[in-house]
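Just below is one structure, and these are the notes that go with it.
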Amino acid sequence: MTLYDTKFARRPADYYPTPGKTAAHLLPHLAPGTKFAEICAGAGDLIRHLEAAGHRCVHARDIEPKANRILTGRAEDWTGTDMCITNPPWSFSRGEKLLPPIMDAHVGRVPMWLLLDAAMPMNSYFAPYAPFVGKIVPAGRPQWLEGTADDKGGRAKKDAAWIFFDTQHHDFLKARLNP
C-alpha cells in the first residue's frame, strides 16, 4: 500500500473540487474582503466558497478549466502578485510531480495558502519550503468525491491542512539566525 492508495482511479491532473467544509477551515484566517488568485481553479469550487464568505477572486486559471470564468494556463506560469489561495494537485512524490513546479515558482515570491496533504511538511522533500511556512491550519479529511458519480461512499483516508507560505516569514528567520 502506498501513500496514495485509494479505492478509486486517480483523476487526470489531480482534479478534486474543494469541498465547502474544507474551505471553511480557512475562513477564520483570512482578513475580511481578501483579494486572491486561484491558480488551480478547476471548476471554481474554492472560488465560490470564498466569495460566498465575502472574499474576491481577482484571477483564476487552470491547465484544464472546467468553467467559463477560469482562464487556461499553468499554475507555475502565473506572474501575479496578489495573495494566492489554491487547492493544488497533491502529486509530489509520485511520477507526475505536478506540485513541485508550482511551489518552486511561487513559494517565497507571493503570500499563498495551499491546501495540502497534512503529512507533507513532515517529509524531507518539503525541507526547501519549510522556512516559508507561516501557519498550518488543520482541515480534516476532505470528502473529495462526495455527491459525484465517483463517490464510493467510503470515508476519506488522508488528512489535509491549509499551509500558509509567507514572503516575509523567511526574511524574519534569516534576521534571527544571522543578526
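Every chain in the C-alpha cells takes a letter, A first, then B, and so on in the order presented; its residues are numbered from 1, and the ligands are numbered from 1 following the presented order.
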
Show which residues sit within 10 Å of Thr81 in chain A, as JSON, numbers by chain. Count only C-alpha atoms, and ignore same-chain residues fewer than 6 positions away.
{"A": [36, 37, 106, 109, 110, 111]}

Among the residues of range 5-145 of chain A, find those DSSP assigns to strand (DSSP E) from the backbone and print them as a short mmCIF file (atom, residue, chain, number, x, y, z; two decimals) with N, CA, C and O atoms, in the first residue's frame.
data_model
loop_
_atom_site.label_atom_id
_atom_site.label_comp_id
_atom_site.auth_asym_id
_atom_site.auth_seq_id
_atom_site.Cartn_x
_atom_site.Cartn_y
_atom_site.Cartn_z
N LYS A 35 -8.51 39.74 -1.31
CA LYS A 35 -8.42 39.57 -2.77
C LYS A 35 -7.39 38.47 -3.01
O LYS A 35 -6.32 38.48 -2.40
N PHE A 36 -7.73 37.55 -3.90
CA PHE A 36 -6.85 36.40 -4.11
C PHE A 36 -6.87 35.92 -5.55
O PHE A 36 -7.80 36.20 -6.30
N ALA A 37 -5.83 35.19 -5.91
CA ALA A 37 -5.77 34.48 -7.19
C ALA A 37 -5.95 33.00 -6.88
O ALA A 37 -5.48 32.51 -5.86
N GLU A 38 -6.63 32.29 -7.78
CA GLU A 38 -6.81 30.83 -7.66
C GLU A 38 -6.17 30.23 -8.90
O GLU A 38 -6.70 30.36 -9.99
N ARG A 56 -12.71 38.06 -2.62
CA ARG A 56 -12.84 38.32 -4.05
C ARG A 56 -11.69 37.72 -4.84
O ARG A 56 -10.53 38.03 -4.58
N CYS A 57 -12.04 36.88 -5.80
CA CYS A 57 -11.05 36.29 -6.69
C CYS A 57 -10.75 37.29 -7.81
O CYS A 57 -11.65 37.75 -8.51
N VAL A 58 -9.46 37.63 -7.98
CA VAL A 58 -9.05 38.59 -9.00
C VAL A 58 -8.41 37.90 -10.21
O VAL A 58 -8.19 38.55 -11.24
N HIS A 59 -8.12 36.63 -10.09
CA HIS A 59 -7.55 35.87 -11.21
C HIS A 59 -7.81 34.39 -10.96
O HIS A 59 -7.60 33.90 -9.85
N ALA A 60 -8.26 33.69 -12.00
CA ALA A 60 -8.50 32.25 -11.89
C ALA A 60 -7.97 31.57 -13.15
O ALA A 60 -8.24 32.02 -14.26
N ARG A 61 -7.21 30.49 -12.94
CA ARG A 61 -6.66 29.72 -14.06
C ARG A 61 -6.56 28.25 -13.70
O ARG A 61 -6.58 27.89 -12.53
N ASP A 62 -6.46 27.44 -14.73
CA ASP A 62 -6.26 26.01 -14.55
C ASP A 62 -5.73 25.45 -15.86
O ASP A 62 -6.01 26.01 -16.93
N LEU A 71 -9.45 30.93 -16.71
CA LEU A 71 -8.55 31.02 -17.86
C LEU A 71 -7.73 29.74 -17.98
O LEU A 71 -7.45 29.08 -16.98
N THR A 72 -7.29 29.44 -19.19
CA THR A 72 -6.41 28.31 -19.40
C THR A 72 -4.97 28.75 -19.16
O THR A 72 -4.53 29.76 -19.71
N MET A 83 -2.34 37.75 -3.23
CA MET A 83 -2.35 36.53 -2.42
C MET A 83 -2.91 35.41 -3.28
O MET A 83 -3.85 35.60 -4.04
N CYS A 84 -2.33 34.24 -3.15
CA CYS A 84 -2.81 33.06 -3.87
C CYS A 84 -3.43 32.11 -2.87
O CYS A 84 -2.83 31.85 -1.82
N ILE A 85 -4.61 31.62 -3.18
CA ILE A 85 -5.27 30.60 -2.37
C ILE A 85 -5.70 29.51 -3.34
O ILE A 85 -6.47 29.77 -4.26
N THR A 86 -5.18 28.30 -3.14
CA THR A 86 -5.49 27.25 -4.10
C THR A 86 -5.40 25.85 -3.48
O THR A 86 -4.73 25.65 -2.47
N MET A 112 0.87 32.83 -0.03
CA MET A 112 -0.07 31.85 -0.57
C MET A 112 -0.51 30.83 0.46
O MET A 112 0.27 30.43 1.33
N TRP A 113 -1.79 30.47 0.36
CA TRP A 113 -2.38 29.37 1.13
C TRP A 113 -2.53 28.20 0.17
O TRP A 113 -3.16 28.32 -0.87
N LEU A 114 -1.95 27.06 0.53
CA LEU A 114 -2.12 25.85 -0.25
C LEU A 114 -2.81 24.80 0.59
O LEU A 114 -2.45 24.60 1.75
N LEU A 115 -3.79 24.14 0.02
CA LEU A 115 -4.43 23.00 0.68
C LEU A 115 -3.62 21.77 0.31
O LEU A 115 -3.55 21.39 -0.86
N LEU A 116 -2.96 21.18 1.30
CA LEU A 116 -2.05 20.06 1.04
C LEU A 116 -2.33 18.89 1.96
O LEU A 116 -3.00 19.03 2.98
N ASP A 117 -1.75 17.76 1.61
CA ASP A 117 -1.73 16.60 2.48
C ASP A 117 -1.08 17.05 3.79
O ASP A 117 0.03 17.60 3.79
N VAL A 133 6.99 28.65 5.78
CA VAL A 133 5.71 28.32 6.40
C VAL A 133 5.44 29.29 7.55
O VAL A 133 6.21 29.40 8.49
N GLY A 134 4.33 29.99 7.44
CA GLY A 134 3.93 30.93 8.48
C GLY A 134 2.83 30.37 9.37
O GLY A 134 2.71 30.77 10.53
N LYS A 135 2.04 29.45 8.83
CA LYS A 135 0.92 28.92 9.61
C LYS A 135 0.44 27.63 8.97
O LYS A 135 0.47 27.49 7.75
N ILE A 136 -0.02 26.70 9.80
CA ILE A 136 -0.65 25.47 9.33
C ILE A 136 -2.00 25.35 10.02
O ILE A 136 -2.08 25.42 11.25
N VAL A 137 -3.05 25.19 9.22
CA VAL A 137 -4.42 25.10 9.74
C VAL A 137 -4.99 23.73 9.36
O VAL A 137 -5.20 23.45 8.17
N PRO A 138 -5.22 22.85 10.33
CA PRO A 138 -5.81 21.54 10.02
C PRO A 138 -7.16 21.71 9.33
O PRO A 138 -7.95 22.58 9.70
#

CA of Asp77 in chain A sits from CA of Tyr15 in chain A at a separation of 18.4 Å

CA of Phe164 in chain A to CA of Tyr129 in chain A, straight-line distance in Å
10.8 Å

Residue contacts of Asp159 in chain A (8 Å, only C-alpha atoms) excluding same-chain residues fewer than 4 positions away, as an mmCIF file with N, CA and C atoms, in the first residue's frame:
data_model
loop_
_atom_site.group_PDB
_atom_site.id
_atom_site.type_symbol
_atom_site.label_atom_id
_atom_site.label_comp_id
_atom_site.auth_asym_id
_atom_site.auth_seq_id
_atom_site.Cartn_x
_atom_site.Cartn_y
_atom_site.Cartn_z
ATOM 1 N N ASP A 117 -1.750 17.762 1.611
ATOM 2 C CA ASP A 117 -1.735 16.597 2.481
ATOM 3 C C ASP A 117 -1.082 17.050 3.789
ATOM 4 N N ALA A 118 -1.747 16.864 4.906
ATOM 5 C CA ALA A 118 -1.253 17.361 6.191
ATOM 6 C C ALA A 118 0.099 16.745 6.582
ATOM 7 N N ALA A 119 0.421 15.587 6.043
ATOM 8 C CA ALA A 119 1.700 14.944 6.360
ATOM 9 C C ALA A 119 2.859 15.513 5.554
ATOM 10 N N PRO A 138 -5.220 22.847 10.334
ATOM 11 C CA PRO A 138 -5.814 21.541 10.023
ATOM 12 C C PRO A 138 -7.163 21.708 9.332
ATOM 13 N N ALA A 139 -7.394 20.868 8.323
ATOM 14 C CA ALA A 139 -8.639 20.965 7.550
ATOM 15 C C ALA A 139 -9.408 19.645 7.532
ATOM 16 N N GLY A 140 -9.064 18.730 8.408
ATOM 17 C CA GLY A 140 -9.801 17.466 8.472
ATOM 18 C C GLY A 140 -9.497 16.550 7.311
ATOM 19 N N ARG A 141 -10.437 15.648 7.051
ATOM 20 C CA ARG A 141 -10.312 14.695 5.945
ATOM 21 C C ARG A 141 -11.356 15.024 4.895
ATOM 22 N N PRO A 142 -10.956 15.742 3.843
ATOM 23 C CA PRO A 142 -11.931 16.144 2.820
ATOM 24 C C PRO A 142 -12.599 14.955 2.149
#

Measuring atom to atom with only C-alpha atoms, identify which of A:Leu98, A:Ala75, A:Pro131, A:Ile163 is nearest to His29 in chain A.
A:Ile163

Spatial neighbours of Gly33 in chain A, max dist 9 Å, only C-alpha atoms, sep filter under 6 positions, as a PyMOL selection string
chain A and resi 51+53-56

Taking the DSSP secondary structure from the backbone, can you list the residues of range 30-141 of chain A that are alpha helix (DSSP H), as a compact mmCIF listing (two decimals) with C-alpha atoms, in the first residue's frame?
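File written: selection15.txt
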# COMPACT_ATOMS: atom_id res chain seq x y z
CA ASP A 45 -15.46 25.45 -6.31
CA LEU A 46 -12.95 27.06 -3.93
CA ILE A 47 -13.64 30.46 -5.51
CA ARG A 48 -17.38 30.06 -4.90
CA HIS A 49 -16.83 29.08 -1.24
CA LEU A 50 -14.50 32.01 -0.56
CA GLU A 51 -16.58 34.57 -2.45
CA ALA A 52 -19.70 33.47 -0.58
CA LEU A 99 3.14 20.15 -7.24
CA PRO A 100 6.90 20.96 -7.10
CA PRO A 101 6.93 23.30 -10.12
CA ILE A 102 4.03 25.27 -8.61
CA MET A 103 5.75 25.57 -5.24
CA ASP A 104 9.14 26.36 -6.81
CA ALA A 105 7.60 29.19 -8.84
CA HIS A 106 5.61 30.83 -6.04
